[in-house]
file start-v4.cif (mmCIF, N, CA and C atoms)
data_query
#
loop_
_atom_site.label_atom_id
_atom_site.label_comp_id
_atom_site.auth_asym_id
_atom_site.auth_seq_id
_atom_site.Cartn_x
_atom_site.Cartn_y
_atom_site.Cartn_z
N MET U 22 -6.06 24.17 -55.65
CA MET U 22 -5.63 25.49 -55.25
C MET U 22 -4.12 25.47 -55.10
N LYS U 23 -3.48 26.48 -55.55
CA LYS U 23 -2.02 26.58 -55.42
C LYS U 23 -1.69 27.40 -54.18
N THR U 24 -0.61 26.99 -53.53
CA THR U 24 -0.13 27.72 -52.36
C THR U 24 1.38 27.57 -52.29
N THR U 25 2.01 28.40 -51.50
CA THR U 25 3.46 28.34 -51.32
C THR U 25 3.74 27.94 -49.88
N LEU U 26 4.65 26.99 -49.72
CA LEU U 26 5.05 26.52 -48.39
C LEU U 26 6.55 26.70 -48.22
N ASN U 27 6.97 27.04 -47.05
CA ASN U 27 8.39 27.07 -46.71
C ASN U 27 8.66 25.83 -45.87
N LEU U 28 9.38 24.88 -46.45
CA LEU U 28 9.66 23.62 -45.76
C LEU U 28 11.16 23.48 -45.52
N ASN U 29 11.48 22.79 -44.47
CA ASN U 29 12.86 22.44 -44.18
C ASN U 29 13.41 21.64 -45.36
N ASP U 30 14.63 21.95 -45.78
CA ASP U 30 15.23 21.30 -46.96
C ASP U 30 15.26 19.77 -46.82
N GLN U 31 15.67 19.29 -45.65
CA GLN U 31 15.77 17.84 -45.45
C GLN U 31 14.39 17.19 -45.46
N LEU U 32 13.41 17.87 -44.84
CA LEU U 32 12.04 17.35 -44.83
C LEU U 32 11.51 17.25 -46.26
N LEU U 33 11.75 18.25 -47.06
CA LEU U 33 11.30 18.24 -48.44
C LEU U 33 11.98 17.12 -49.23
N ALA U 34 13.26 16.95 -49.04
CA ALA U 34 13.99 15.89 -49.74
C ALA U 34 13.45 14.51 -49.34
N ASP U 35 13.22 14.32 -48.04
CA ASP U 35 12.67 13.05 -47.57
C ASP U 35 11.27 12.81 -48.13
N ALA U 36 10.46 13.85 -48.19
CA ALA U 36 9.10 13.74 -48.71
C ALA U 36 9.12 13.41 -50.20
N LYS U 37 10.00 14.04 -50.95
CA LYS U 37 10.11 13.75 -52.38
C LYS U 37 10.54 12.31 -52.61
N ALA U 38 11.49 11.83 -51.81
CA ALA U 38 11.96 10.45 -51.94
C ALA U 38 10.83 9.47 -51.62
N LEU U 39 10.07 9.76 -50.57
CA LEU U 39 8.95 8.87 -50.21
C LEU U 39 7.88 8.88 -51.30
N ALA U 40 7.60 10.04 -51.84
CA ALA U 40 6.61 10.14 -52.92
C ALA U 40 7.06 9.33 -54.13
N ALA U 41 8.33 9.44 -54.48
CA ALA U 41 8.86 8.67 -55.62
C ALA U 41 8.79 7.18 -55.34
N GLN U 42 9.13 6.79 -54.10
CA GLN U 42 9.10 5.38 -53.72
C GLN U 42 7.68 4.82 -53.81
N ARG U 43 6.71 5.62 -53.43
CA ARG U 43 5.30 5.19 -53.47
C ARG U 43 4.64 5.45 -54.83
N ARG U 44 5.41 6.02 -55.74
CA ARG U 44 4.92 6.35 -57.08
C ARG U 44 3.67 7.23 -57.01
N THR U 45 3.79 8.28 -56.23
CA THR U 45 2.72 9.28 -56.10
C THR U 45 3.35 10.66 -56.17
N SER U 46 2.53 11.67 -56.17
CA SER U 46 3.06 13.03 -56.25
C SER U 46 3.33 13.58 -54.86
N LEU U 47 4.19 14.58 -54.83
CA LEU U 47 4.48 15.26 -53.57
C LEU U 47 3.21 15.91 -53.03
N THR U 48 2.40 16.47 -53.93
CA THR U 48 1.13 17.08 -53.52
C THR U 48 0.24 16.06 -52.83
N ARG U 49 0.11 14.87 -53.42
CA ARG U 49 -0.76 13.84 -52.83
C ARG U 49 -0.23 13.39 -51.47
N LEU U 50 1.09 13.27 -51.36
CA LEU U 50 1.69 12.87 -50.09
C LEU U 50 1.39 13.90 -49.00
N ILE U 51 1.52 15.17 -49.33
CA ILE U 51 1.24 16.24 -48.36
C ILE U 51 -0.24 16.25 -48.00
N GLU U 52 -1.12 16.06 -48.99
CA GLU U 52 -2.56 16.00 -48.72
C GLU U 52 -2.89 14.88 -47.75
N GLU U 53 -2.31 13.69 -47.99
CA GLU U 53 -2.56 12.55 -47.11
C GLU U 53 -2.10 12.84 -45.68
N GLY U 54 -0.93 13.45 -45.57
CA GLY U 54 -0.41 13.79 -44.24
C GLY U 54 -1.31 14.77 -43.51
N LEU U 55 -1.79 15.78 -44.21
CA LEU U 55 -2.69 16.75 -43.59
C LEU U 55 -4.01 16.10 -43.19
N GLN U 56 -4.53 15.22 -44.05
CA GLN U 56 -5.78 14.53 -43.73
C GLN U 56 -5.62 13.68 -42.48
N LEU U 57 -4.51 12.95 -42.38
CA LEU U 57 -4.27 12.13 -41.19
C LEU U 57 -4.19 12.98 -39.94
N ARG U 58 -3.48 14.09 -40.02
CA ARG U 58 -3.32 14.96 -38.86
C ARG U 58 -4.64 15.58 -38.43
N LEU U 59 -5.44 16.04 -39.40
CA LEU U 59 -6.74 16.64 -39.08
C LEU U 59 -7.71 15.61 -38.52
N ARG U 60 -7.67 14.39 -39.06
CA ARG U 60 -8.53 13.32 -38.56
C ARG U 60 -8.16 12.95 -37.12
N ALA U 61 -6.87 12.89 -36.84
CA ALA U 61 -6.41 12.57 -35.48
C ALA U 61 -6.85 13.65 -34.51
N GLN U 62 -6.77 14.90 -34.94
CA GLN U 62 -7.20 16.02 -34.09
C GLN U 62 -8.69 15.93 -33.79
N ALA U 63 -9.49 15.62 -34.81
CA ALA U 63 -10.94 15.51 -34.63
C ALA U 63 -11.28 14.34 -33.71
N ASP U 64 -10.57 13.21 -33.87
CA ASP U 64 -10.82 12.03 -33.03
C ASP U 64 -10.50 12.32 -31.57
N SER U 65 -9.39 13.02 -31.33
CA SER U 65 -9.02 13.31 -29.94
C SER U 65 -10.00 14.29 -29.31
N ALA U 66 -10.57 15.19 -30.09
CA ALA U 66 -11.56 16.14 -29.57
C ALA U 66 -12.85 15.41 -29.22
N LYS U 67 -13.20 14.38 -29.98
CA LYS U 67 -14.42 13.61 -29.71
C LYS U 67 -14.31 12.82 -28.41
N ARG U 68 -13.11 12.30 -28.15
CA ARG U 68 -12.92 11.47 -26.97
C ARG U 68 -13.14 12.25 -25.68
N GLY U 69 -12.61 13.45 -25.63
CA GLY U 69 -12.79 14.28 -24.45
C GLY U 69 -12.15 13.69 -23.21
N ARG U 70 -12.79 13.92 -22.09
CA ARG U 70 -12.26 13.49 -20.81
C ARG U 70 -12.53 12.00 -20.58
N VAL U 71 -11.53 11.29 -20.12
CA VAL U 71 -11.66 9.87 -19.85
C VAL U 71 -11.90 9.68 -18.36
N LEU U 72 -12.96 8.96 -18.04
CA LEU U 72 -13.25 8.66 -16.64
C LEU U 72 -12.66 7.30 -16.29
N LEU U 73 -11.86 7.28 -15.27
CA LEU U 73 -11.24 6.04 -14.82
C LEU U 73 -12.13 5.35 -13.80
N PRO U 74 -12.18 4.02 -13.83
CA PRO U 74 -13.00 3.31 -12.85
C PRO U 74 -12.41 3.45 -11.45
N VAL U 75 -13.28 3.53 -10.47
CA VAL U 75 -12.86 3.66 -9.08
C VAL U 75 -13.47 2.51 -8.29
N PHE U 76 -12.63 1.77 -7.57
CA PHE U 76 -13.12 0.67 -6.74
C PHE U 76 -13.72 1.26 -5.47
N LYS U 77 -14.98 0.93 -5.21
CA LYS U 77 -15.67 1.47 -4.04
C LYS U 77 -15.99 0.39 -3.03
N GLY U 78 -15.24 -0.69 -3.09
CA GLY U 78 -15.48 -1.80 -2.18
C GLY U 78 -14.92 -1.52 -0.80
N ARG U 79 -15.11 -2.46 0.05
CA ARG U 79 -14.60 -2.34 1.42
C ARG U 79 -13.40 -3.25 1.60
N GLY U 80 -12.73 -3.08 2.68
CA GLY U 80 -11.59 -3.92 2.95
C GLY U 80 -10.36 -3.07 3.15
N GLY U 81 -9.25 -3.61 2.81
CA GLY U 81 -8.00 -2.89 2.96
C GLY U 81 -6.88 -3.87 3.16
N LEU U 82 -5.86 -3.43 3.84
CA LEU U 82 -4.73 -4.29 4.09
C LEU U 82 -5.03 -5.31 5.18
N VAL U 83 -4.34 -6.40 5.09
CA VAL U 83 -4.47 -7.44 6.11
C VAL U 83 -3.91 -6.88 7.42
N ALA U 84 -4.61 -7.17 8.50
CA ALA U 84 -4.15 -6.69 9.81
C ALA U 84 -2.74 -7.18 10.10
N GLY U 85 -1.91 -6.29 10.59
CA GLY U 85 -0.55 -6.64 10.96
C GLY U 85 0.48 -6.45 9.84
N VAL U 86 0.05 -6.04 8.64
CA VAL U 86 0.99 -5.81 7.55
C VAL U 86 1.31 -4.32 7.50
N ASN U 87 2.59 -4.01 7.55
CA ASN U 87 3.03 -2.63 7.52
C ASN U 87 3.04 -2.14 6.07
N PRO U 88 2.14 -1.22 5.70
CA PRO U 88 2.08 -0.78 4.30
C PRO U 88 3.28 0.07 3.88
N LEU U 89 4.10 0.48 4.82
CA LEU U 89 5.28 1.28 4.51
C LEU U 89 6.54 0.44 4.32
N SER U 90 6.38 -0.88 4.44
CA SER U 90 7.53 -1.77 4.33
C SER U 90 7.37 -2.67 3.11
N ASN U 91 8.27 -2.53 2.16
CA ASN U 91 8.23 -3.40 0.98
C ASN U 91 8.39 -4.86 1.38
N LYS U 92 9.27 -5.10 2.32
CA LYS U 92 9.51 -6.46 2.76
C LYS U 92 8.25 -7.08 3.35
N ALA U 93 7.54 -6.31 4.19
CA ALA U 93 6.31 -6.82 4.80
C ALA U 93 5.24 -7.08 3.74
N LEU U 94 5.15 -6.21 2.76
CA LEU U 94 4.16 -6.39 1.68
C LEU U 94 4.48 -7.63 0.85
N LEU U 95 5.77 -7.81 0.50
CA LEU U 95 6.16 -8.98 -0.27
C LEU U 95 5.93 -10.26 0.52
N GLU U 96 6.22 -10.24 1.81
CA GLU U 96 5.98 -11.42 2.64
C GLU U 96 4.50 -11.74 2.70
N ALA U 97 3.65 -10.72 2.78
CA ALA U 97 2.20 -10.95 2.81
C ALA U 97 1.71 -11.56 1.50
N LEU U 98 2.37 -11.22 0.41
CA LEU U 98 2.03 -11.78 -0.89
C LEU U 98 2.61 -13.18 -1.08
N GLY U 99 3.54 -13.55 -0.22
CA GLY U 99 4.21 -14.82 -0.38
C GLY U 99 5.27 -14.75 -1.48
N ASP U 100 5.75 -13.55 -1.75
CA ASP U 100 6.73 -13.33 -2.81
C ASP U 100 7.98 -12.68 -2.21
N ASP U 101 8.50 -13.27 -1.18
CA ASP U 101 9.63 -12.67 -0.45
C ASP U 101 10.98 -13.18 -0.96
N ALA U 102 11.03 -13.59 -2.21
CA ALA U 102 12.27 -14.15 -2.79
C ALA U 102 13.32 -13.09 -2.97
#
call {"tool": "encode", "arguments": {"input": "start-v4.cif", "output": "structure tokens"}}
result
Amino acid sequence: MKTTLNLNDQLLADAKALAAQRRTSLTRLIEEGLQLRLRAQADSAKRGRVLLPVFKGRGGLVAGVNPLSNKALLEALGDDA
């Protein structure tokens, strides 16, 4: 099917150069680009919402460690360098 596209001059020049470098046609290069973009769109739609794991264990900070102090946290880790 034939169609008309309005492309940025530099984008068209770069696409023609890449097509020549790959020894393919500009049409084939554009088709491949559209296929990649449509496939990526379909893949992202399939993934949907990602559920992150949540730790439901017990515990917490060691008694006597101030969670608002970087120095106290580093000392508790033994990394107070």
call {"tool": "atom_distance", "arguments": {"input": "start-v4.cif", "atom1": "atom CA of U:Ala34", "atom2": "atom CA of U:Arg49"}}
result
15.2 Å
call {"tool": "atom_distance", "arguments": {"input": "start-v4.cif", "atom1": "atom CA of U:Ala40", "atom2": "atom CA of U:Leu28"}}
result
15.6 Å
call {"tool": "select_by_dssp", "arguments": {"input": "start-v4.cif", "residues": "chain U", "states": "alpha helix (DSSP H)", "output": "MDAnalysis selection string"}}
result
chainID U and resid 30:42 47:68 91:98
call {"tool": "write_last_selection", "arguments": {"input": "start-v4.cif", "atoms": "N, CA and C atoms", "output": "compact mmCIF listing (two decimals), in the frame of the given file"}}
result
# COMPACT_ATOMS: atom_id res chain seq x y z
N ASP U 30 14.63 21.95 -45.78
CA ASP U 30 15.23 21.30 -46.96
C ASP U 30 15.26 19.77 -46.82
N GLN U 31 15.67 19.29 -45.65
CA GLN U 31 15.77 17.84 -45.45
C GLN U 31 14.39 17.19 -45.46
N LEU U 32 13.41 17.87 -44.84
CA LEU U 32 12.04 17.35 -44.83
C LEU U 32 11.51 17.25 -46.26
N LEU U 33 11.75 18.25 -47.06
CA LEU U 33 11.30 18.24 -48.44
C LEU U 33 11.98 17.12 -49.23
N ALA U 34 13.26 16.95 -49.04
CA ALA U 34 13.99 15.89 -49.74
C ALA U 34 13.45 14.51 -49.34
N ASP U 35 13.22 14.32 -48.04
CA ASP U 35 12.67 13.05 -47.57
C ASP U 35 11.27 12.81 -48.13
N ALA U 36 10.46 13.85 -48.19
CA ALA U 36 9.10 13.74 -48.71
C ALA U 36 9.12 13.41 -50.20
N LYS U 37 10.00 14.04 -50.95
CA LYS U 37 10.11 13.75 -52.38
C LYS U 37 10.54 12.31 -52.61
N ALA U 38 11.49 11.83 -51.81
CA ALA U 38 11.96 10.45 -51.94
C ALA U 38 10.83 9.47 -51.62
N LEU U 39 10.07 9.76 -50.57
CA LEU U 39 8.95 8.87 -50.21
C LEU U 39 7.88 8.88 -51.30
N ALA U 40 7.60 10.04 -51.84
CA ALA U 40 6.61 10.14 -52.92
C ALA U 40 7.06 9.33 -54.13
N ALA U 41 8.33 9.44 -54.48
CA ALA U 41 8.86 8.67 -55.62
C ALA U 41 8.79 7.18 -55.34
N GLN U 42 9.13 6.79 -54.10
CA GLN U 42 9.10 5.38 -53.72
C GLN U 42 7.68 4.82 -53.81
N LEU U 47 4.19 14.58 -54.83
CA LEU U 47 4.48 15.26 -53.57
C LEU U 47 3.21 15.91 -53.03
N THR U 48 2.40 16.47 -53.93
CA THR U 48 1.13 17.08 -53.52
C THR U 48 0.24 16.06 -52.83
N ARG U 49 0.11 14.87 -53.42
CA ARG U 49 -0.76 13.84 -52.83
C ARG U 49 -0.23 13.39 -51.47
N LEU U 50 1.09 13.27 -51.36
CA LEU U 50 1.69 12.87 -50.09
C LEU U 50 1.39 13.90 -49.00
N ILE U 51 1.52 15.17 -49.33
CA ILE U 51 1.24 16.24 -48.36
C ILE U 51 -0.24 16.25 -48.00
N GLU U 52 -1.12 16.06 -48.99
CA GLU U 52 -2.56 16.00 -48.72
C GLU U 52 -2.89 14.88 -47.75
N GLU U 53 -2.31 13.69 -47.99
CA GLU U 53 -2.56 12.55 -47.11
C GLU U 53 -2.10 12.84 -45.68
N GLY U 54 -0.93 13.45 -45.57
CA GLY U 54 -0.41 13.79 -44.24
C GLY U 54 -1.31 14.77 -43.51
N LEU U 55 -1.79 15.78 -44.21
CA LEU U 55 -2.69 16.75 -43.59
C LEU U 55 -4.01 16.10 -43.19
N GLN U 56 -4.53 15.22 -44.05
CA GLN U 56 -5.78 14.53 -43.73
C GLN U 56 -5.62 13.68 -42.48
N LEU U 57 -4.51 12.95 -42.38
CA LEU U 57 -4.27 12.13 -41.19
C LEU U 57 -4.19 12.98 -39.94
N ARG U 58 -3.48 14.09 -40.02
CA ARG U 58 -3.32 14.96 -38.86
C ARG U 58 -4.64 15.58 -38.43
N LEU U 59 -5.44 16.04 -39.40
CA LEU U 59 -6.74 16.64 -39.08
C LEU U 59 -7.71 15.61 -38.52
N ARG U 60 -7.67 14.39 -39.06
CA ARG U 60 -8.53 13.32 -38.56
C ARG U 60 -8.16 12.95 -37.12
N ALA U 61 -6.87 12.89 -36.84
CA ALA U 61 -6.41 12.57 -35.48
C ALA U 61 -6.85 13.65 -34.51
N GLN U 62 -6.77 14.90 -34.94
CA GLN U 62 -7.20 16.02 -34.09
C GLN U 62 -8.69 15.93 -33.79
N ALA U 63 -9.49 15.62 -34.81
CA ALA U 63 -10.94 15.51 -34.63
C ALA U 63 -11.28 14.34 -33.71
N ASP U 64 -10.57 13.21 -33.87
CA ASP U 64 -10.82 12.03 -33.03
C ASP U 64 -10.50 12.32 -31.57
N SER U 65 -9.39 13.02 -31.33
CA SER U 65 -9.02 13.31 -29.94
C SER U 65 -10.00 14.29 -29.31
N ALA U 66 -10.57 15.19 -30.09
CA ALA U 66 -11.56 16.14 -29.57
C ALA U 66 -12.85 15.41 -29.22
N LYS U 67 -13.20 14.38 -29.98
CA LYS U 67 -14.42 13.61 -29.71
C LYS U 67 -14.31 12.82 -28.41
N ARG U 68 -13.11 12.30 -28.15
CA ARG U 68 -12.92 11.47 -26.97
C ARG U 68 -13.14 12.25 -25.68
N ASN U 91 8.27 -2.53 2.16
CA ASN U 91 8.23 -3.40 0.98
C ASN U 91 8.39 -4.86 1.38
N LYS U 92 9.27 -5.10 2.32
CA LYS U 92 9.51 -6.46 2.76
C LYS U 92 8.25 -7.08 3.35
N ALA U 93 7.54 -6.31 4.19
CA ALA U 93 6.31 -6.82 4.80
C ALA U 93 5.24 -7.08 3.74
N LEU U 94 5.15 -6.21 2.76
CA LEU U 94 4.16 -6.39 1.68
C LEU U 94 4.48 -7.63 0.85
N LEU U 95 5.77 -7.81 0.50
CA LEU U 95 6.16 -8.98 -0.27
C LEU U 95 5.93 -10.26 0.52
N GLU U 96 6.22 -10.24 1.81
CA GLU U 96 5.98 -11.42 2.64
C GLU U 96 4.50 -11.74 2.70
N ALA U 97 3.65 -10.72 2.78
CA ALA U 97 2.20 -10.95 2.81
C ALA U 97 1.71 -11.56 1.50
N LEU U 98 2.37 -11.22 0.41
CA LEU U 98 2.03 -11.78 -0.89
C LEU U 98 2.61 -13.18 -1.08
call {"tool": "atom_distance", "arguments": {"input": "start-v4.cif", "atom1": "atom C of U:Gly69", "atom2": "atom CA of U:Ile51"}}
result
28.6 Å
call {"tool": "residues_around", "arguments": {"input": "start-v4.cif", "residues": "U:Gly85", "least_positions_apart": "3", "cutoff": "12 Å", "atoms": "only C-alpha atoms", "output": "PyMOL selection string"}}
result
chain U and resi 81-82+88-90+93-94+96-97
call {"tool": "closest_residue", "arguments": {"input": "start-v4.cif", "among": "U:Leu47, U:Lys77, U:Asp100, U:Lys67", "to": "U:Leu32", "atoms": "only C-alpha atoms"}}
result
U:Leu47
